[in-house]
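File shown here: coords29.txt, holding compact mmCIF, C-alpha atoms and all ligand atoms.
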# COMPACT_ATOMS: atom_id res chain seq x y z
CA MET K 1 86.72 5.02 83.68
CA GLU K 2 85.73 2.42 81.13
CA PHE K 3 88.58 1.98 78.69
CA GLY K 4 86.71 -0.85 77.00
CA HIS K 5 84.30 1.70 75.61
CA ILE K 6 86.76 3.79 73.65
CA ILE K 7 85.13 3.93 70.23
CA ILE K 8 87.48 2.56 67.58
CA ASN K 9 84.94 2.41 64.72
CA PHE K 10 82.12 4.92 64.57
CA ASP K 11 80.03 2.50 62.50
CA GLY K 12 81.05 -0.69 64.30
CA PRO K 13 78.96 -3.40 65.97
CA SER K 14 76.60 -2.71 68.84
CA CYS K 15 78.15 -2.73 72.30
CA SER K 16 76.73 -3.73 75.68
CA CYS K 17 76.98 -0.05 76.75
CA GLY K 18 74.47 1.01 74.11
CA SER K 19 77.00 2.62 71.78
CA ARG K 20 78.62 1.22 68.64
CA GLY K 21 82.14 0.27 67.67
CA CYS K 22 83.64 0.22 71.17
CA PHE K 23 87.02 -1.42 71.76
CA GLU K 24 85.22 -4.03 73.90
CA ALA K 25 82.88 -4.92 71.01
CA TYR K 26 85.97 -6.04 69.08
CA ALA K 27 88.46 -7.23 71.69
CA SER K 28 86.32 -9.07 74.26
CA ILE K 29 86.00 -12.84 74.71
CA ARG K 30 82.41 -12.50 73.54
CA ALA K 31 83.62 -10.91 70.30
CA LEU K 32 86.26 -13.63 69.87
CA ILE K 33 83.63 -16.35 70.29
CA GLN K 34 81.20 -14.60 67.94
CA ASP K 35 83.93 -14.22 65.34
CA TYR K 36 84.87 -17.90 65.58
CA ALA K 37 81.21 -18.97 65.49
CA ARG K 38 80.61 -16.88 62.37
CA LEU K 39 83.59 -18.45 60.66
CA THR K 40 82.89 -22.08 61.63
CA GLY K 41 79.10 -22.16 61.89
CA ILE K 42 79.34 -23.54 65.43
CA ASN K 43 76.74 -22.26 67.89
CA PRO K 44 78.40 -19.65 70.16
CA SER K 45 76.86 -21.30 73.21
CA ASP K 46 78.93 -24.41 72.41
CA LEU K 47 82.18 -22.42 72.39
CA SER K 48 84.53 -20.99 74.97
CA ARG K 49 87.80 -19.10 75.07
CA LYS K 50 89.50 -22.35 76.11
CA ILE K 51 88.23 -24.25 73.05
CA ILE K 52 89.37 -21.50 70.69
CA THR K 53 92.76 -21.18 72.41
CA ALA K 54 93.30 -24.95 72.25
CA ASN K 55 92.41 -24.93 68.54
CA TYR K 56 94.74 -21.96 68.03
CA PHE K 57 97.64 -23.89 69.56
CA ALA K 58 96.67 -26.90 67.42
CA GLY K 59 97.04 -24.69 64.35
CA GLU K 60 93.42 -24.82 63.23
CA ALA K 61 92.91 -22.22 60.48
CA ALA K 62 89.72 -20.60 61.85
CA ALA K 63 91.12 -20.35 65.37
CA MET K 64 94.37 -18.90 64.04
CA GLU K 65 92.47 -16.30 62.03
CA VAL K 66 90.17 -15.14 64.84
CA MET K 67 92.92 -15.15 67.48
CA GLU K 68 95.23 -13.11 65.25
CA ARG K 69 92.40 -10.64 64.69
CA HIS K 70 91.65 -10.57 68.44
CA LEU K 71 95.31 -9.91 69.25
CA ASP K 72 95.37 -7.09 66.67
CA TYR K 73 92.29 -5.50 68.20
CA MET K 74 93.74 -5.79 71.69
CA ALA K 75 96.97 -4.22 70.48
CA ILE K 76 95.12 -1.34 68.79
CA GLY K 77 93.21 -0.45 71.96
CA ILE K 78 96.23 -0.86 74.22
CA THR K 79 98.42 1.16 71.86
CA SER K 80 95.93 4.02 72.09
CA LEU K 81 96.05 3.91 75.88
CA ILE K 82 99.85 3.77 75.91
CA ASN K 83 100.10 6.70 73.48
CA ILE K 84 97.89 8.75 75.81
CA PHE K 85 99.06 7.71 79.28
CA SER K 86 102.48 6.08 78.81
CA PRO K 87 101.89 3.85 81.85
CA GLN K 88 104.75 2.02 83.58
CA LYS K 89 102.67 -1.13 83.63
CA LEU K 90 99.52 -2.12 81.80
CA ILE K 91 97.77 -5.13 83.33
CA ILE K 92 95.46 -7.25 81.20
CA GLY K 93 92.67 -8.93 83.12
CA GLY K 94 89.47 -10.57 82.05
CA GLY K 95 88.46 -13.86 80.57
CA ILE K 96 91.47 -14.52 78.38
CA SER K 97 94.19 -13.26 80.65
CA ASP K 98 94.84 -16.78 81.92
CA ALA K 99 95.40 -18.12 78.39
CA GLY K 100 99.18 -18.28 78.76
CA ASN K 101 102.33 -16.25 78.24
CA PHE K 102 101.75 -16.08 74.50
CA TYR K 103 98.92 -13.64 75.12
CA GLU K 104 100.86 -10.73 76.57
CA GLN K 105 103.90 -11.54 74.41
CA GLU K 106 101.86 -11.32 71.18
CA ILE K 107 100.11 -8.15 72.32
CA SER K 108 103.40 -6.56 73.44
CA ARG K 109 105.01 -7.38 70.10
CA ARG K 110 102.14 -5.77 68.21
CA VAL K 111 102.02 -2.72 70.49
CA ALA K 112 105.78 -2.22 70.08
CA GLN K 113 105.23 -1.98 66.31
CA ARG K 114 102.49 0.61 66.64
CA ALA K 115 103.00 2.72 69.75
CA MET K 116 104.91 5.96 69.71
CA PRO K 117 108.38 4.86 70.85
CA ASP K 118 108.68 7.42 73.64
CA THR K 119 105.32 6.46 75.14
CA PHE K 120 106.09 2.72 75.15
CA SER K 121 109.77 2.83 76.11
CA ASN K 122 109.01 2.64 79.84
CA SER K 123 105.84 0.54 79.63
CA MET K 124 105.37 -3.12 80.39
CA ILE K 125 102.34 -5.25 79.44
CA VAL K 126 101.54 -8.10 81.82
CA ARG K 127 98.66 -10.45 82.56
CA SER K 128 96.76 -10.09 85.80
CA GLU K 129 98.03 -12.51 88.43
CA MET K 130 94.46 -12.76 89.70
CA GLY K 131 93.12 -13.89 86.32
CA ASN K 132 89.48 -13.37 85.60
CA GLU K 133 88.69 -12.58 89.24
CA ALA K 134 90.90 -9.46 89.42
CA CYS K 135 88.06 -6.95 89.06
CA LEU K 136 85.89 -8.70 91.61
CA LEU K 137 88.76 -8.95 94.10
CA GLY K 138 89.64 -5.29 93.55
CA CYS K 139 86.07 -4.24 94.29
CA ALA K 140 85.97 -6.43 97.38
CA SER K 141 89.25 -5.00 98.67
CA ARG K 142 87.83 -1.47 98.36
CA VAL K 143 84.78 -2.46 100.39
CA PHE K 144 86.85 -4.01 103.16
CA SER K 145 89.54 -1.30 103.23
CA THR K 146 87.16 1.69 103.22
CA PRO K 147 86.14 3.08 106.60
CA MET K 148 82.48 2.58 107.32
CA LEU K 149 80.51 5.06 105.27
CA PHE K 150 77.48 4.97 107.48
CA HIS K 151 77.46 4.95 111.21
CA SER K 152 74.88 5.89 113.72
CA ASN K 153 75.17 9.08 115.69
CA ASN K 154 72.10 8.20 117.64
CA SER K 155 72.70 8.66 121.32
CA TYR K 156 69.61 7.10 122.76
ZN ZN T 201 80.67 0.22 74.66
Just dump the structure as structure tokens.
Amino acid sequence: MEFGHIIINFDGPSCSCGSRGCFEAYASIRALIQDYARLTGINPSDLSRKIITANYFAGEAAAMEVMERHLDYMAIGITSLINIFSPQKLIIGGGISDAGNFYEQEISRRVAQRAMPDTFSNSMIVRSEMGNEACLLGCASRVFSTPMLFHSNNSY
């Protein structure tokens, strides 16, 4: 499943999957950097999540605006998932998950305002302990924990 490609705006920006208006097109690090670049005129290749987060903590207006918008987009997508699945735990991974405790706290606060109370009452939003490498490590663990798929039955 690719939750990042839930369409939240039928007429939204192009997405890496070929569709338009996907959650990922709004809530990814790439989208955060593009948003900040558009607002400041800085070349996106000169920016990073760390620069924007540092400017956000320093109270810079553009960083505050784009981070607030990013957090709102994250909360919208996560709220939709919680309203559907009511998970016990929702783990945020990816490039911004190591940004600090504020990240899941701000998202949790926003989700609590929007989610259906019964669906969120037993849910917890946390950051991945593995940071940005969580997906890669998960894939690797599947490879090493899966019995060999191919083996030779040749008897010569
Ligand atoms: Zn997409």
- Step by step, measure atom-to-atom distances between ligand ZN 201 (chain T) and each residue using all atoms listed in the file, keep those at most 10 Å, then write them as a ChimeraX atom specification. /K:2-7,13-26
- Record the distance separating atom CA of K:Met67 and atom CA of K:Leu32, expressed in Å with one decimal. 7.2 Å
- Task: Find the residues around K:Ala112 up to 10 Å (only C-alpha atoms counted), leave out those fewer than 3 positions away in its own chain, and share them as an MDAnalysis selection string.
- Result: chainID K and resid 75 79 106:109 115:117 120:121 123
- Message: Rounded to one decimal, what separation in Å do you get between atom CA of K:Phe85 and atom CA of K:Met124?
- Response: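 Going from atom CA of K:Phe85 over to atom CA of K:Met124, I get 12.6 Å.
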- Item | Nearby residues, (89.9, -20.9, 71.5) file frame, 10 Å, only C-alpha atoms, as a ChimeraX atom specification | /K:29,32-33,36,47-58,60,62-64,66-67,96,99
